[in-house]
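Have a look at final-v1.pdb below; it lists PDB, C-alpha atoms.
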```
ATOM      1  CA  MET O   1      -1.055  -0.098  12.699
ATOM      2  CA  GLN O   2       1.658  -1.894  10.740
ATOM      3  CA  THR O   3       0.518  -3.346   7.420
ATOM      4  CA  ILE O   4       1.910  -5.599   4.717
ATOM      5  CA  ARG O   5       1.370  -5.085   1.013
ATOM      6  CA  VAL O   6       0.142  -8.362  -0.472
ATOM      7  CA  GLN O   7       0.373  -8.832  -4.226
ATOM      8  CA  THR O   8      -2.601 -10.761  -5.585
ATOM      9  CA  THR O   9      -2.679 -12.995  -8.650
ATOM     10  CA  GLN O  10      -4.186 -10.008 -10.524
ATOM     11  CA  ASN O  11      -0.949  -8.060  -9.834
ATOM     12  CA  VAL O  12      -2.803  -5.661  -7.556
ATOM     13  CA  PHE O  13      -1.527  -4.763  -4.093
ATOM     14  CA  ILE O  14      -3.849  -4.887  -1.087
ATOM     15  CA  HIS O  15      -2.805  -3.785   2.408
ATOM     16  CA  TYR O  16      -3.541  -6.040   5.364
ATOM     17  CA  PRO O  17      -2.912  -5.171   9.033
ATOM     18  CA  VAL O  18      -0.137  -7.346  10.432
ATOM     19  CA  ALA O  19      -0.997  -9.385  13.504
ATOM     20  CA  SER O  20       0.811  -7.880  16.471
ATOM     21  CA  VAL O  21       3.304  -9.834  18.545
ATOM     22  CA  GLY O  22       0.867  -9.532  21.457
ATOM     23  CA  ASP O  23      -1.962 -11.084  19.431
ATOM     24  CA  ARG O  24       0.265 -13.962  18.362
ATOM     25  CA  ILE O  25       1.550 -14.598  21.879
ATOM     26  CA  LEU O  26      -1.986 -14.580  23.310
ATOM     27  CA  ALA O  27      -3.135 -16.968  20.569
ATOM     28  CA  PHE O  28      -0.205 -19.251  21.405
ATOM     29  CA  ILE O  29      -1.069 -19.147  25.121
ATOM     30  CA  ILE O  30      -4.734 -19.971  24.398
ATOM     31  CA  ASP O  31      -3.656 -22.951  22.287
ATOM     32  CA  ARG O  32      -1.330 -24.124  25.068
ATOM     33  CA  ILE O  33      -4.141 -23.857  27.631
ATOM     34  CA  ILE O  34      -6.349 -25.993  25.384
ATOM     35  CA  LEU O  35      -3.597 -28.602  25.103
ATOM     36  CA  VAL O  36      -3.017 -28.629  28.864
ATOM     37  CA  ILE O  37      -6.737 -29.068  29.576
ATOM     38  CA  TYR O  38      -6.901 -31.886  27.028
ATOM     39  CA  THR O  39      -3.827 -33.575  28.509
ATOM     40  CA  VAL O  40      -5.131 -33.396  32.079
ATOM     41  CA  ALA O  41      -8.507 -34.762  31.010
ATOM     42  CA  MET O  42      -6.909 -37.631  29.081
ATOM     43  CA  VAL O  43      -4.513 -38.534  31.923
ATOM     44  CA  LEU O  44      -7.385 -38.644  34.419
ATOM     45  CA  SER O  45      -9.464 -40.755  32.045
ATOM     46  CA  MET O  46      -6.664 -43.162  31.184
ATOM     47  CA  THR O  47      -5.545 -43.508  34.792
ATOM     48  CA  SER O  48      -9.037 -44.451  35.887
ATOM     49  CA  PHE O  49      -9.023 -47.261  33.327
ATOM     50  CA  ASP O  50      -5.520 -48.373  34.369
ATOM     51  CA  MET O  51      -4.206 -48.282  30.809
ATOM     52  CA  GLU O  52      -0.631 -49.575  30.508
ATOM     53  CA  ILE O  53      -0.211 -49.655  26.720
ATOM     54  CA  VAL O  54       2.730 -47.342  26.029
ATOM     55  CA  TRP O  55       2.000 -46.701  22.355
ATOM     56  CA  LEU O  56      -1.556 -45.673  23.176
ATOM     57  CA  TRP O  57      -0.298 -43.185  25.761
ATOM     58  CA  ILE O  58       2.093 -41.750  23.176
ATOM     59  CA  MET O  59      -0.604 -41.489  20.524
ATOM     60  CA  LEU O  60      -3.275 -39.921  22.731
ATOM     61  CA  LEU O  61      -0.987 -37.573  24.658
ATOM     62  CA  GLY O  62       1.998 -36.932  22.400
ATOM     63  CA  PHE O  63       0.453 -36.579  18.965
ATOM     64  CA  PRO O  64      -1.876 -33.675  19.847
ATOM     65  CA  TRP O  65       1.065 -31.645  21.192
ATOM     66  CA  PHE O  66       3.163 -32.531  18.159
ATOM     67  CA  PHE O  67       0.626 -31.957  15.368
ATOM     68  CA  TYR O  68      -1.788 -29.455  16.962
ATOM     69  CA  HIS O  69      -0.833 -26.356  14.973
ATOM     70  CA  LEU O  70      -0.327 -28.177  11.684
ATOM     71  CA  VAL O  71      -3.672 -29.995  11.723
ATOM     72  CA  PHE O  72      -5.743 -27.030  12.865
ATOM     73  CA  GLU O  73      -4.156 -24.593  10.391
ATOM     74  CA  ILE O  74      -4.760 -27.004   7.499
ATOM     75  CA  PHE O  75      -8.393 -27.699   8.367
ATOM     76  CA  MET O  76      -9.301 -24.257   9.775
ATOM     77  CA  ASN O  77      -7.980 -22.196   6.869
ATOM     78  CA  GLY O  78      -4.840 -20.891   8.534
ATOM     79  CA  GLN O  79      -6.155 -20.699  12.073
ATOM     80  CA  THR O  80      -5.896 -22.567  15.336
ATOM     81  CA  PRO O  81      -8.523 -22.086  18.067
ATOM     82  CA  GLY O  82      -6.213 -19.512  19.638
ATOM     83  CA  LYS O  83      -5.770 -17.657  16.365
ATOM     84  CA  ARG O  84      -9.523 -17.680  15.790
ATOM     85  CA  VAL O  85     -10.151 -16.148  19.216
ATOM     86  CA  MET O  86      -7.602 -13.414  18.429
ATOM     87  CA  SER O  87      -8.955 -12.952  14.862
ATOM     88  CA  ILE O  88      -5.616 -13.608  13.184
ATOM     89  CA  GLN O  89      -4.857 -15.905  10.269
ATOM     90  CA  VAL O  90      -1.990 -17.354   8.254
ATOM     91  CA  VAL O  91      -1.959 -16.144   4.627
ATOM     92  CA  ARG O  92       0.423 -16.440   1.720
ATOM     93  CA  MET O  93       2.285 -13.344   0.603
ATOM     94  CA  ASP O  94       0.697 -13.587  -2.867
ATOM     95  CA  GLY O  95      -2.792 -13.186  -1.404
ATOM     96  CA  THR O  96      -3.901 -16.807  -1.880
ATOM     97  CA  SER O  97      -4.632 -19.430   0.752
ATOM     98  CA  PRO O  98      -1.562 -21.413   1.850
ATOM     99  CA  SER O  99      -1.193 -24.926   0.474
ATOM    100  CA  VAL O 100      -0.700 -27.999   2.640
ATOM    101  CA  GLY O 101       2.976 -27.806   1.685
ATOM    102  CA  ASN O 102       3.178 -24.223   2.970
ATOM    103  CA  TYR O 103       1.639 -25.250   6.286
ATOM    104  CA  ILE O 104       3.991 -28.250   6.624
ATOM    105  CA  LEU O 105       7.106 -26.178   5.898
ATOM    106  CA  ARG O 106       5.947 -23.458   8.291
ATOM    107  CA  TRP O 107       5.293 -26.110  10.971
ATOM    108  CA  LEU O 108       8.653 -27.851  10.525
ATOM    109  CA  VAL O 109      10.668 -24.633  10.809
ATOM    110  CA  GLY O 110       8.494 -23.786  13.818
ATOM    111  CA  PHE O 111      10.518 -26.271  15.846
ATOM    112  CA  ILE O 112      13.485 -23.914  15.494
ATOM    113  CA  ASP O 113      11.305 -20.902  16.310
ATOM    114  CA  PHE O 114       9.646 -22.276  19.435
ATOM    115  CA  TYR O 115      11.459 -25.282  20.818
ATOM    116  CA  ILE O 116      15.156 -24.849  20.082
ATOM    117  CA  PHE O 117      15.145 -21.153  21.045
ATOM    118  CA  SER O 118      12.001 -21.120  23.237
ATOM    119  CA  GLY O 119      10.211 -18.621  21.013
ATOM    120  CA  LEU O 120      12.828 -15.882  21.433
ATOM    121  CA  VAL O 121      13.964 -16.032  17.808
ATOM    122  CA  ALA O 122      10.333 -15.996  16.608
ATOM    123  CA  VAL O 123       9.582 -12.809  18.548
ATOM    124  CA  ILE O 124      12.780 -11.076  17.385
ATOM    125  CA  VAL O 125      12.213 -11.960  13.716
ATOM    126  CA  VAL O 126       8.531 -10.919  13.788
ATOM    127  CA  VAL O 127       9.395  -7.570  15.396
ATOM    128  CA  THR O 128      12.325  -6.756  13.107
ATOM    129  CA  ASN O 129      11.230  -7.866   9.638
ATOM    130  CA  GLY O 130       8.079  -5.694   9.497
ATOM    131  CA  LYS O 131       5.921  -8.243   7.671
ATOM    132  CA  GLY O 132       4.612 -10.344  10.541
ATOM    133  CA  GLN O 133       6.879 -13.250   9.633
ATOM    134  CA  ARG O 134       8.813 -15.616  11.856
ATOM    135  CA  LEU O 135      11.391 -18.035  10.409
ATOM    136  CA  GLY O 136       8.667 -20.525   9.490
ATOM    137  CA  ASP O 137       6.773 -17.819   7.606
ATOM    138  CA  LEU O 138       9.888 -16.699   5.769
ATOM    139  CA  ALA O 139      10.556 -20.266   4.659
ATOM    140  CA  ALA O 140       6.940 -20.906   3.601
ATOM    141  CA  GLY O 141       6.246 -17.492   2.056
ATOM    142  CA  THR O 142       3.460 -16.770   4.536
ATOM    143  CA  SER O 143       2.555 -14.154   7.114
ATOM    144  CA  VAL O 144       0.023 -13.749   9.920
ATOM    145  CA  VAL O 145      -2.467 -10.921   9.493
ATOM    146  CA  LYS O 146      -5.341  -9.469  11.455
ATOM    147  CA  GLN O 147      -8.621 -10.490   9.907
ATOM    148  CA  THR O 148     -10.812  -7.748   8.501
ATOM    149  CA  PRO O 149     -14.303  -8.140   9.982
ATOM    150  CA  GLN O 150     -16.701  -9.505   7.372
ATOM    151  CA  GLU O 151     -19.020  -6.542   7.728
ATOM    152  CA  GLN O 152     -16.215  -4.254   6.582
ATOM    153  CA  ILE O 153     -15.600  -6.257   3.420
ATOM    154  CA  SER O 154     -19.249  -6.739   2.607
ATOM    155  CA  ALA O 155     -20.483  -3.311   3.660
ATOM    156  CA  ARG O 156     -23.906  -2.429   2.311
ATOM    157  CA  ASP O 157     -22.595   0.402   0.197
ATOM    158  CA  LEU O 158     -20.078  -1.918  -1.457
ATOM    159  CA  PHE O 159     -22.738  -4.387  -2.561
ATOM    160  CA  ILE O 160     -25.476  -1.970  -3.492
ATOM    161  CA  THR O 161     -28.260  -3.576  -5.506
ATOM    162  CA  PRO O 162     -29.377  -1.230  -8.291
ATOM    163  CA  GLU O 163     -33.042  -0.492  -8.781
ATOM    164  CA  ASP O 164     -34.818  -2.072 -11.770
ATOM    165  CA  SER O 165     -34.843   1.211 -13.683
ATOM    166  CA  TYR O 166     -31.098   1.625 -13.336
ATOM    167  CA  THR O 167     -29.136   2.038 -16.584
ATOM    168  CA  PRO O 168     -25.592   0.618 -16.437
ATOM    169  CA  THR O 169     -22.783   3.007 -17.280
ATOM    170  CA  PHE O 170     -20.206   0.400 -18.273
ATOM    171  CA  THR O 171     -21.699  -2.688 -19.915
ATOM    172  CA  GLN O 172     -18.167  -4.053 -20.337
ATOM    173  CA  VAL O 173     -18.280  -5.135 -16.688
ATOM    174  CA  MET O 174     -19.829  -8.419 -17.839
ATOM    175  CA  GLN O 175     -16.282  -9.442 -18.747
ATOM    176  CA  LEU O 176     -15.385  -9.389 -15.046
ATOM    177  CA  SER O 177     -15.631 -12.385 -12.753
ATOM    178  CA  SER O 178     -17.004 -12.543  -9.233
ATOM    179  CA  GLN O 179     -13.388 -12.759  -8.030
ATOM    180  CA  ASP O 180     -12.649  -9.464  -9.797
ATOM    181  CA  ILE O 181     -15.624  -7.838  -8.060
ATOM    182  CA  GLU O 182     -14.459  -9.178  -4.700
ATOM    183  CA  LEU O 183     -11.051  -7.634  -5.333
ATOM    184  CA  ILE O 184     -12.703  -4.292  -6.147
ATOM    185  CA  ASN O 185     -14.742  -4.507  -2.936
ATOM    186  CA  ARG O 186     -11.603  -5.126  -0.893
ATOM    187  CA  ALA O 187      -9.880  -2.147  -2.456
ATOM    188  CA  LEU O 188     -12.905   0.032  -1.655
ATOM    189  CA  ALA O 189     -12.985  -1.342   1.893
ATOM    190  CA  ALA O 190      -9.292  -0.525   2.360
ATOM    191  CA  ASN O 191     -10.000   3.054   1.337
ATOM    192  CA  GLN O 192     -13.165   3.349   3.416
ATOM    193  CA  GLU O 193     -11.904   1.745   6.607
ATOM    194  CA  GLN O 194      -8.170   2.552   6.573
ATOM    195  CA  GLY O 195      -8.003   5.666   4.389
ATOM    196  CA  ASN O 196      -5.673   3.795   2.041
ATOM    197  CA  LEU O 197      -6.338   4.973  -1.533
ATOM    198  CA  GLN O 198      -3.494   3.082  -3.220
ATOM    199  CA  PRO O 199      -5.444  -0.194  -3.768
ATOM    200  CA  VAL O 200      -8.282   1.810  -5.349
ATOM    201  CA  LEU O 201      -5.893   3.525  -7.766
ATOM    202  CA  LEU O 202      -4.199   0.270  -8.740
ATOM    203  CA  VAL O 203      -7.458  -1.623  -9.196
ATOM    204  CA  THR O 204      -8.924   1.265 -11.198
ATOM    205  CA  ASP O 205      -6.018   1.190 -13.644
ATOM    206  CA  LYS O 206      -6.269  -2.587 -13.908
ATOM    207  CA  VAL O 207     -10.033  -2.577 -14.584
ATOM    208  CA  LYS O 208      -9.799   0.255 -17.132
ATOM    209  CA  THR O 209      -7.063  -1.593 -19.012
ATOM    210  CA  MET O 210      -8.884  -4.915 -18.856
ATOM    211  CA  LEU O 211     -12.180  -3.489 -20.115
ATOM    212  CA  GLY O 212     -10.804  -0.814 -22.434
ATOM    213  CA  ILE O 213     -12.618   1.974 -20.571
ATOM    214  CA  GLN O 214     -11.634   5.629 -20.793
ATOM    215  CA  THR O 215     -13.324   7.912 -18.290
ATOM    216  CA  ASP O 216     -12.544  10.951 -16.157
ATOM    217  CA  MET O 217     -14.721   9.628 -13.339
ATOM    218  CA  PRO O 218     -12.889   9.750  -9.951
ATOM    219  CA  PRO O 219     -11.403   6.337  -9.035
ATOM    220  CA  VAL O 220     -13.648   5.631  -6.037
ATOM    221  CA  GLN O 221     -16.790   6.644  -7.906
ATOM    222  CA  PHE O 222     -15.639   4.594 -10.907
ATOM    223  CA  LEU O 223     -15.230   1.410  -8.858
ATOM    224  CA  TYR O 224     -18.566   1.883  -7.102
ATOM    225  CA  THR O 225     -20.175   2.304 -10.531
ATOM    226  CA  VAL O 226     -18.475  -0.853 -11.814
ATOM    227  CA  VAL O 227     -19.799  -2.853  -8.862
ATOM    228  CA  LYS O 228     -23.275  -1.404  -9.268
ATOM    229  CA  ASP O 229     -23.288  -2.110 -13.013
ATOM    230  CA  PHE O 230     -22.072  -5.669 -12.454
ATOM    231  CA  ASN O 231     -24.732  -6.364  -9.808
ATOM    232  CA  HIS O 232     -27.455  -4.985 -12.052
ATOM    233  CA  LEU O 233     -26.426  -6.888 -15.177
ATOM    234  CA  THR O 234     -25.837 -10.205 -13.421
ATOM    235  CA  SER O 235     -29.060 -10.057 -11.406
ATOM    236  CA  ARG O 236     -31.319  -9.862 -14.425
TER     237      ARG O 236
END
```
Using the file provided, produce a representation of the structure as structure tokens.
Amino acid sequence: MQTIRVQTTQNVFIHYPVASVGDRILAFIIDRIILVIYTVAMVLSMTSFDMEIVWLWIMLLGFPWFFYHLVFEIFMNGQTPGKRVMSIQVVRMDGTSPSVGNYILRWLVGFIDFYIFSGLVAVIVVVTNGKGQRLGDLAAGTSVVKQTPQEQISARDLFITPEDSYTPTFTQVMQLSSQDIELINRALAANQEQGNLQPVLLVTDKVKTMLGIQTDMPPVQFLYTVVKDFNHLTSR
């Protein structure tokens, strides 16, 4: 599966599986079906009431088609109903959630992707650039990735709760934040689920430097110990 390397604000790289062209096309089709069903329902309803106000027709029928993707992606954290069904999501290349400005820029350039060239350019760019980006993504600095199931990120062995008699190995972990621990968990998940050790190595170096720790403990074991120590010390 093709992946992209996303650099987080902690200067650590995490690999995410890129949403396939098939997933994106199916999500687009699902969204179009929803719009068609909505339009048919509204036309039948408005016709039965004999509504002749032009601006109301434009607002109720035109606006949803025009703003559908923009509104849903802003309020559904980078997803439309179609994207949610296909478990794909818009993310920024720096690992953070896109801003409203990112979504707007992506949406505006989308008119070139989908309407001027009927989606052909979007498919070609996504296939050739290797990062799951169409023109709108390139302009906004975003990509579309396949969501990692929550149970993979929050696997039981990643969030192990130490027993009361447990003695922490690295008390320096209290300097870490919950966001740092989440990053460690994602690196461990990438190694566990995808066999990708690089995030573990990078996060290990970052944590050792941040906390001033010197140890010969293997990287995976070290990160598990850090998480376990953090959970123990913060739960007391």
To verify the selection step, state as a list in words which residues the PyMOL selection byres ((chain O and resi 77) around 8) yields on this input.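 With the PyMOL selection byres ((chain O and resi 77) around 8) on this model, the match is Glu73, Ile74, Phe75, Met76, Gly78, Gln79, Gln89, Val90 and Ser97 of chain O.
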Kindly save the residues from that selection, with C-alpha atoms included, as an mmCIF file, in the frame of the given file.
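See selection-v8.cif below for the written result:
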```
data_model
loop_
_atom_site.group_PDB
_atom_site.id
_atom_site.type_symbol
_atom_site.label_atom_id
_atom_site.label_comp_id
_atom_site.auth_asym_id
_atom_site.auth_seq_id
_atom_site.Cartn_x
_atom_site.Cartn_y
_atom_site.Cartn_z
ATOM 1 C CA GLU O 73 -4.156 -24.593 10.391
ATOM 2 C CA ILE O 74 -4.760 -27.004 7.499
ATOM 3 C CA PHE O 75 -8.393 -27.699 8.367
ATOM 4 C CA MET O 76 -9.301 -24.257 9.775
ATOM 5 C CA GLY O 78 -4.840 -20.891 8.534
ATOM 6 C CA GLN O 79 -6.155 -20.699 12.073
ATOM 7 C CA GLN O 89 -4.857 -15.905 10.269
ATOM 8 C CA VAL O 90 -1.990 -17.354 8.254
ATOM 9 C CA SER O 97 -4.632 -19.430 0.752
#
```
What does the distance between atom CA of O:Asn196 and atom CA of O:Leu26 come to in Å, to one decimal place? 28.3 Å
Stretch 218-228 of chain O environment, 12 Å, all atoms listed in the file, sequence neighbours closer than 5 positions dropped, as a ChimeraX atom specification: /O:156-164,166-192,195-208,211,213,233-235
Chain and number of each residue from the PyMOL selection byres ((chain O and resi 23) around 10), as an NGL selection string: :O and (18-22 or 24-29 or 82-83 or 85-88 or 145-146)
Just the number, please: distance in Å from atom CA of O:Pro98 to atom CA of O:Val121, one decimal. 22.9 Å
Under the PyMOL selection byres ((chain O and resi 67) around 12), which residues of this model are included? Write them out as an NGL selection string. :O and (35 or 59-66 or 68-74 or 80 or 103-104 or 107-108 or 110-111)
Which residue out of O:Ser165, O:Ile34, O:Met93, O:Phe114 has the minimum interatomic distance to O:Ala139 when only C-alpha atoms are used? O:Met93
So what do you get for atom CA of O:Leu138 versus atom CA of O:Gly101, distance-wise?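 The value is 13.7 Å.
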